[in-house]
Structure formats: C-alpha cells, structure tokens
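Asker: Contents of input.tsv (TSV, C-alpha atoms):
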chain	number	residue	atom	x	y	z
A	1	GLN	CA	112.13	-19.55	104.32
A	2	TYR	CA	110.38	-18.73	101.03
A	3	ILE	CA	113.66	-19.18	99.14
A	4	ASN	CA	114.03	-22.59	100.82
A	5	GLU	CA	110.64	-23.76	99.57
A	6	TRP	CA	111.29	-22.47	96.05
A	7	TRP	CA	114.70	-24.16	95.98
A	8	LYS	CA	113.25	-27.52	97.05
A	9	GLN	CA	110.71	-27.43	94.24
A	10	LEU	CA	113.34	-26.39	91.70
A	11	TYR	CA	115.73	-29.27	92.40
A	12	GLY	CA	113.16	-31.89	93.36
A	13	GLU	CA	111.10	-31.36	90.22
A	14	SER	CA	114.07	-30.92	87.88
A	15	GLU	CA	116.42	-33.71	89.00
A	16	GLY	CA	114.23	-36.30	90.73
A	17	LYS	CA	113.80	-38.66	87.76
A	18	GLN	CA	114.87	-42.12	86.66
A	19	GLY	CA	116.02	-42.98	90.19
A	20	LYS	CA	118.48	-40.07	90.16
A	21	GLY	CA	118.97	-36.76	91.93
A	22	ILE	CA	119.92	-35.67	95.43
A	23	PHE	CA	116.95	-35.34	97.76
A	24	PRO	CA	116.50	-31.58	98.44
A	25	ALA	CA	115.79	-30.50	102.00
A	26	SER	CA	116.16	-27.19	103.78
A	27	VAL	CA	116.83	-26.01	107.32
A	28	THR	CA	116.65	-22.60	108.94
A	29	LEU	CA	119.50	-21.93	111.32
A	30	THR	CA	119.79	-21.54	114.17
A	31	ALA	CA	116.24	-22.79	114.74
A	32	ASP	CA	116.96	-26.27	113.33
A	33	LEU	CA	120.34	-26.88	114.98
A	34	HIS	CA	118.88	-29.32	117.53
A	35	SER	CA	116.97	-31.34	114.93
A	36	MET	CA	118.26	-31.39	111.37
A	37	GLY	CA	121.54	-29.90	112.54
A	38	GLN	CA	122.26	-33.11	114.46
A	39	TYR	CA	121.55	-35.22	111.36
A	40	ILE	CA	123.74	-33.05	109.15
A	41	GLN	CA	126.57	-33.28	111.67
A	42	ASP	CA	126.49	-37.00	112.46
A	43	GLY	CA	123.98	-38.67	110.13
A	44	GLU	CA	124.43	-40.60	106.90
A	45	ARG	CA	127.05	-39.06	104.62
A	46	THR	CA	124.83	-38.55	101.59
A	47	LEU	CA	124.59	-34.78	101.92
A	48	PHE	CA	125.85	-31.73	100.12
A	49	GLU	CA	125.22	-28.54	102.07
A	50	THR	CA	124.67	-25.08	100.60
A	51	ILE	CA	124.61	-22.20	103.08
A	52	ILE	CA	123.07	-18.88	102.08
A	53	SER	CA	124.16	-15.88	104.11
A	54	VAL	CA	123.29	-12.19	103.93
A	55	ALA	CA	126.13	-9.68	104.37
A	56	LYS	CA	123.99	-6.71	105.40
A	57	PRO	CA	120.77	-7.35	107.31
A	58	ALA	CA	117.67	-5.29	106.61
A	59	HIS	CA	117.58	-4.04	110.22
A	60	GLU	CA	120.18	-3.65	112.93
A	61	VAL	CA	119.15	-4.83	116.41
A	62	VAL	CA	121.51	-4.20	119.33
A	63	ILE	CA	121.49	-6.52	122.34
A	64	GLU	CA	120.80	-4.72	125.59
A	65	ALA	CA	122.17	-5.58	129.04
A	66	GLU	CA	119.87	-7.33	131.48
A	67	ALA	CA	119.88	-5.95	135.01
A	68	GLU	CA	120.18	-9.26	136.87
A	69	ASN	CA	122.12	-11.09	134.13
A	70	LEU	CA	120.30	-14.32	134.99
A	71	ASP	CA	121.40	-16.03	131.80
A	72	GLY	CA	125.00	-14.83	132.07
A	73	LEU	CA	124.90	-13.36	128.58
A	74	ASN	CA	125.54	-9.71	129.39
A	75	PHE	CA	128.92	-10.06	127.73
A	76	LEU	CA	126.96	-9.77	124.48
A	77	ALA	CA	125.49	-6.39	125.44
A	78	GLY	CA	126.17	-3.75	122.81
A	79	LYS	CA	126.68	-6.29	120.04
A	80	ARG	CA	124.36	-6.54	117.07
A	81	ILE	CA	122.19	-9.61	116.49
A	82	SER	CA	123.72	-9.85	113.03
A	83	GLU	CA	127.18	-10.27	114.61
A	84	VAL	CA	125.95	-13.12	116.80
A	85	ASN	CA	124.25	-14.77	113.83
A	86	ARG	CA	127.43	-14.46	111.76
A	87	MET	CA	129.51	-16.21	114.42
A	88	ALA	CA	126.88	-18.96	114.73
A	89	ASP	CA	126.89	-19.28	110.93
A	90	LEU	CA	130.66	-19.72	110.75
A	91	GLY	CA	130.78	-22.05	113.75
A	92	VAL	CA	128.13	-24.37	112.31
A	93	GLN	CA	129.81	-24.39	108.92
A	94	LEU	CA	133.18	-25.34	110.45
A	95	ALA	CA	131.55	-28.12	112.47
A	96	HIS	CA	129.80	-29.56	109.43
A	97	VAL	CA	132.97	-29.45	107.33
A	98	ASP	CA	134.82	-31.26	110.13
A	99	GLY	CA	131.97	-33.79	110.11
A	100	GLY	CA	132.69	-34.63	106.47
A	101	VAL	CA	129.86	-32.70	104.81
A	102	PRO	CA	130.76	-31.14	101.42
A	103	ASN	CA	129.93	-27.50	101.87
A	104	ILE	CA	129.49	-24.35	99.82
A	105	ARG	CA	128.69	-20.90	101.22
A	106	ILE	CA	126.89	-18.30	99.11
A	107	GLU	CA	126.76	-14.75	100.43
A	108	ILE	CA	124.47	-12.12	98.98
A	109	PRO	CA	125.13	-8.45	99.80
A	110	ALA	CA	121.60	-7.63	100.97
A	111	ILE	CA	117.98	-8.72	100.75
A	112	ASP	CA	116.87	-6.67	97.75
A	113	ALA	CA	115.45	-7.30	94.29
A	114	HIS	CA	118.82	-7.40	92.53
A	115	ALA	CA	120.48	-9.78	94.99
A	116	ILE	CA	117.49	-12.15	95.21
A	117	GLY	CA	117.04	-12.14	91.44
A	118	SER	CA	120.72	-12.96	90.95
A	119	LEU	CA	120.50	-15.79	93.49
A	120	LEU	CA	117.46	-17.32	91.79
A	121	TYR	CA	119.12	-17.12	88.37
A	122	PHE	CA	122.26	-18.75	89.77
A	123	PHE	CA	120.31	-21.72	91.14
A	124	GLU	CA	118.22	-22.08	87.97
A	125	LYS	CA	121.30	-22.21	85.76
A	126	ALA	CA	123.14	-24.55	88.14
A	127	CYS	CA	120.11	-26.85	88.26
A	128	GLY	CA	119.85	-27.03	84.48
A	129	ILE	CA	123.54	-27.90	84.15
A	130	SER	CA	123.48	-30.51	86.93
A	131	GLY	CA	120.34	-32.10	85.45
A	132	TYR	CA	122.02	-32.64	82.11
A	133	MET	CA	125.14	-33.94	83.89
A	134	LEU	CA	122.89	-36.51	85.61
A	135	GLY	CA	121.48	-37.53	82.23
A	136	VAL	CA	117.91	-36.33	82.90
A	137	ASN	CA	115.80	-33.61	81.30
A	138	PRO	CA	115.62	-30.84	83.92
A	139	PHE	CA	112.74	-29.15	82.12
A	140	ASP	CA	110.00	-31.77	82.34
A	141	GLN	CA	108.02	-33.22	85.25
A	142	PRO	CA	106.64	-36.66	84.37
A	143	GLY	CA	105.96	-37.59	87.99
A	144	VAL	CA	103.97	-34.40	88.60
A	145	ASP	CA	101.99	-34.95	85.41
A	146	LEU	CA	101.04	-38.47	86.51
A	147	ALA	CA	99.90	-37.17	89.90
A	148	ARG	CA	97.73	-34.59	88.16
A	149	HIS	CA	96.14	-37.32	86.08
A	150	ALA	CA	95.40	-39.27	89.25
A	151	LYS	CA	93.29	-36.37	90.51
A	152	ALA	CA	90.76	-37.23	87.81
A	153	LEU	CA	90.04	-40.44	89.73
A	154	PHE	CA	88.60	-38.62	92.72
A	155	ARG	CA	86.11	-36.73	90.57
A	156	PHE	CA	84.56	-40.04	89.55
A	157	VAL	CA	84.52	-41.78	92.94
A	158	ALA	CA	81.45	-39.75	93.94
A	159	ARG	CA	79.50	-40.49	90.73
A	160	PRO	CA	76.17	-42.27	91.48
A	161	ASP	CA	76.90	-45.14	89.11
A	162	PHE	CA	80.10	-45.91	91.02
A	163	GLY	CA	78.65	-45.44	94.51
A	164	GLY	CA	79.90	-47.82	97.16
A	165	ILE	CA	83.05	-48.94	95.31
A	166	ALA	CA	86.02	-48.78	97.64
A	167	LEU	CA	88.87	-46.53	96.59
A	168	ASP	CA	91.44	-49.18	97.40
A	169	VAL	CA	90.36	-51.33	94.44
A	170	CYS	CA	91.39	-48.68	91.89
A	171	ARG	CA	94.03	-49.66	89.40
A	172	VAL	CA	96.11	-47.61	87.02
A	173	GLY	CA	96.62	-48.92	83.50
A	174	ARG	CA	98.36	-47.88	80.35
A	175	GLY	CA	97.12	-48.38	76.82
A	176	HIS	CA	99.22	-48.91	73.72
A	177	ALA	CA	101.51	-46.01	72.84
A	178	GLY	CA	99.23	-45.17	69.94
A	179	GLY	CA	95.99	-45.95	71.76
A	180	ALA	CA	93.21	-43.63	72.80
A	181	TYR	CA	94.59	-43.01	76.25
A	182	ARG	CA	97.93	-43.06	77.99
A	183	THR	CA	96.90	-43.61	81.59
A	184	GLY	CA	93.58	-45.11	82.68
A	185	PHE	CA	91.99	-45.17	86.14
A	186	PHE	CA	89.95	-48.22	87.12
A	187	LEU	CA	87.36	-48.80	89.83
A	188	GLY	CA	85.92	-52.25	90.28
A	189	GLY	CA	87.47	-53.37	87.01
A	190	ARG	CA	85.87	-50.56	85.04
A	191	LEU	CA	87.75	-47.71	83.36
A	192	VAL	CA	86.35	-44.48	84.81
A	193	ALA	CA	88.89	-41.84	83.75
A	194	ALA	CA	91.63	-41.55	81.18
A	195	ALA	CA	94.46	-39.10	80.59
A	196	ARG	CA	95.36	-38.56	76.95
A	197	GLU	CA	98.82	-37.76	75.62
A	198	GLY	CA	99.59	-34.14	76.38
A	199	GLY	CA	97.92	-34.21	79.78
A	200	SER	CA	94.22	-33.73	78.94
A	201	GLN	CA	91.69	-35.74	80.92
A	202	GLN	CA	88.28	-37.16	80.08
A	203	ALA	CA	85.67	-39.50	81.42
A	204	ALA	CA	85.65	-42.98	79.93
A	205	GLN	CA	82.49	-45.04	79.56
A	206	THR	CA	84.25	-48.16	78.32
A	207	ASP	CA	84.98	-51.34	80.27
A	208	SER	CA	88.52	-51.95	81.43
A	209	GLY	CA	88.87	-54.78	78.94
A	210	GLN	CA	89.14	-52.25	76.14
A	211	GLY	CA	92.41	-50.92	77.55
A	212	ASN	CA	95.56	-53.02	77.33
A	213	GLY	CA	98.03	-53.79	80.04
A	214	HIS	CA	96.17	-52.25	82.96
A	215	GLY	CA	97.29	-53.68	86.23
How does this structure look as structure tokens?

Answerer:
Amino acid sequence: QYINEWWKQLYGESEGKQGKGIFPASVTLTADLHSMGQYIQDGERTLFETIISVAKPAHEVVIEAEAENLDGLNFLAGKRISEVNRMADLGVQLAHVDGGVPNIRIEIPAIDAHAIGSLLYFFEKACGISGYMLGVNPFDQPGVDLARHAKALFRFVARPDFGGIALDVCRVGRGHAGGAYRTGFFLGGRLVAAAREGGSQQAAQTDSGQGNGHG
C-alpha cells in the first residue's frame, strides 16, 4: 500500500503537466476486485496496468481444515495463502488481458531493502524517460508550487482589516514577467498576498490596481 501511494505521487507529479500524462491510480488485490477490478475489466479503455508481485512472502500461512466445511473450501486445506494469492494474481491478470488492458507484471524476489530499492529506482528511471518522451519536464512541479502559493491566501483571510470578506470573492492575478510578483491573491479587489519568482511569499499592502492582468 505504501508503494502504491509513493508511485501515484511519482507519476502524478512528474507527468501531469500541459494536459498530458496518464492518470495514476492504484488498487490492492484481491480487496479491490469488486470495485476497481470491475472498472479495469469492463470500463473505458484508457488504462495501462502494472502488477507488482512478490515471489517469496515474508511469512508462510497454511490454510487449516474446518470441521463442518460450511463454506465448502476444505479442498484448500494444507495449501499456503501465498499459493492461493498467486493463483488469484494470475487469474486476474489473464482476465484483464482478455479485456483489452495493456499489462505488465513485475515480480520482486522478496520484500527486503535490496528488492524494494531496486523497484523504486526502476520506477524513477522509467518515469524520467516517459516524461521526456511526453515532452514535459519530469523534474518540476508547477501545479504543486501554485497550490502552495494559494495557501498564503488563507493566512490573510483572518486578518482584522479583511474581516467579513467572503472567501469566494478572491481572485488570482499575475503581474508582468519582470514585475514585483508572479502570482497575486485578491480579496474584495485588494491584493493581500503575493508569491515572488522562486516560490517565496509575502504580504502585499498595495491595491489590486497596481498588479496587471489579475482576473
């Protein structure tokens, strides 16, 4: 699960620019088979699936027989959970391939520092290459930077001299490329915060009329 979250940030932040990039999402199987698994199987064909599998689990758990066999699954008694998971893994992969989903399977030998480190390096290198193939810089994050600048707005909403001004009247503006600020935040027509080139933020005591092109 932690690898999933890291992977989503890696590809979302590196490739999601200029209207490009594949939307990164993750599922944990078999838990998500009845939700996202249905979409992957029969949903819109805009997916590329990468399956990560572990050859040797950290622990071996053997399925025991149940006296009354109420669920009819005693035929699995004596088998390891890892064996059952492996069959489910292969079955799902075959179904998704038959459903027209491009598919790649990556198997790591075990969950240890060397295997995880190798996996992370593989994805980082692949992401850098695919970013350049898309024609974007995979090593910047302009959208994240803009969101960080927007946080400055909330620090000024509570200021006494701006009390009572509704948040929904804020406007974001941009000054000239060579001006004093790159992104300005406006409340009630007044510039209350500005983000300079390079990401620094400061309070602004000027009226919005002193910035150009704010909308």

Asker: Neighbours of A:Ser53 within 9 Å (all atoms listed in the file; same-chain residues fewer than 5 positions away dropped), as a list in words?

Answerer: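 In the requested format, the answer is Arg86, Asp89, Arg105, Ile106, Glu107, Ile108 and Pro109 of chain A.
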
Asker: Please produce a file of the residues just selected, as a compact mmCIF listing (two decimals), in the coordinates of the input, where the atoms kept are C-alpha atoms.

Answerer:
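After the write, again_13.txt holds the following:
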# COMPACT_ATOMS: atom_id res chain seq x y z
CA ARG A 86 127.43 -14.46 111.76
CA ASP A 89 126.89 -19.28 110.93
CA ARG A 105 128.69 -20.90 101.22
CA ILE A 106 126.89 -18.30 99.11
CA GLU A 107 126.76 -14.75 100.43
CA ILE A 108 124.47 -12.12 98.98
CA PRO A 109 125.13 -8.45 99.80

Asker: For a quick check of understanding, using only C-alpha atoms, which of A:Leu10, A:Ile51, A:Leu70, A:Ile116 has the smallest distance to A:Thr28?

Answerer: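 That would be A:Ile51, the residue with the smallest distance to A:Thr28.
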
Asker: Enter the distance from atom CA of A:Asn103 to atom CA of A:Val61, in Å, rounded to one decimal.

Answerer: 29.0 Å

Asker: I'd like the interatomic distance between atom CA of A:Glu13 and atom CA of A:Tyr132, to a tenth of an Å.

Answerer: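 Value for the atom CA of A:Glu13-atom CA of A:Tyr132 distance: 13.7 Å.
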
Asker: May I ask for the distance between atom CA of A:Gln1 and atom CA of A:Gly78, given in Å to one decimal place?

Answerer: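 So the two atoms, atom CA of A:Gln1 and atom CA of A:Gly78, lie 28.1 Å apart.
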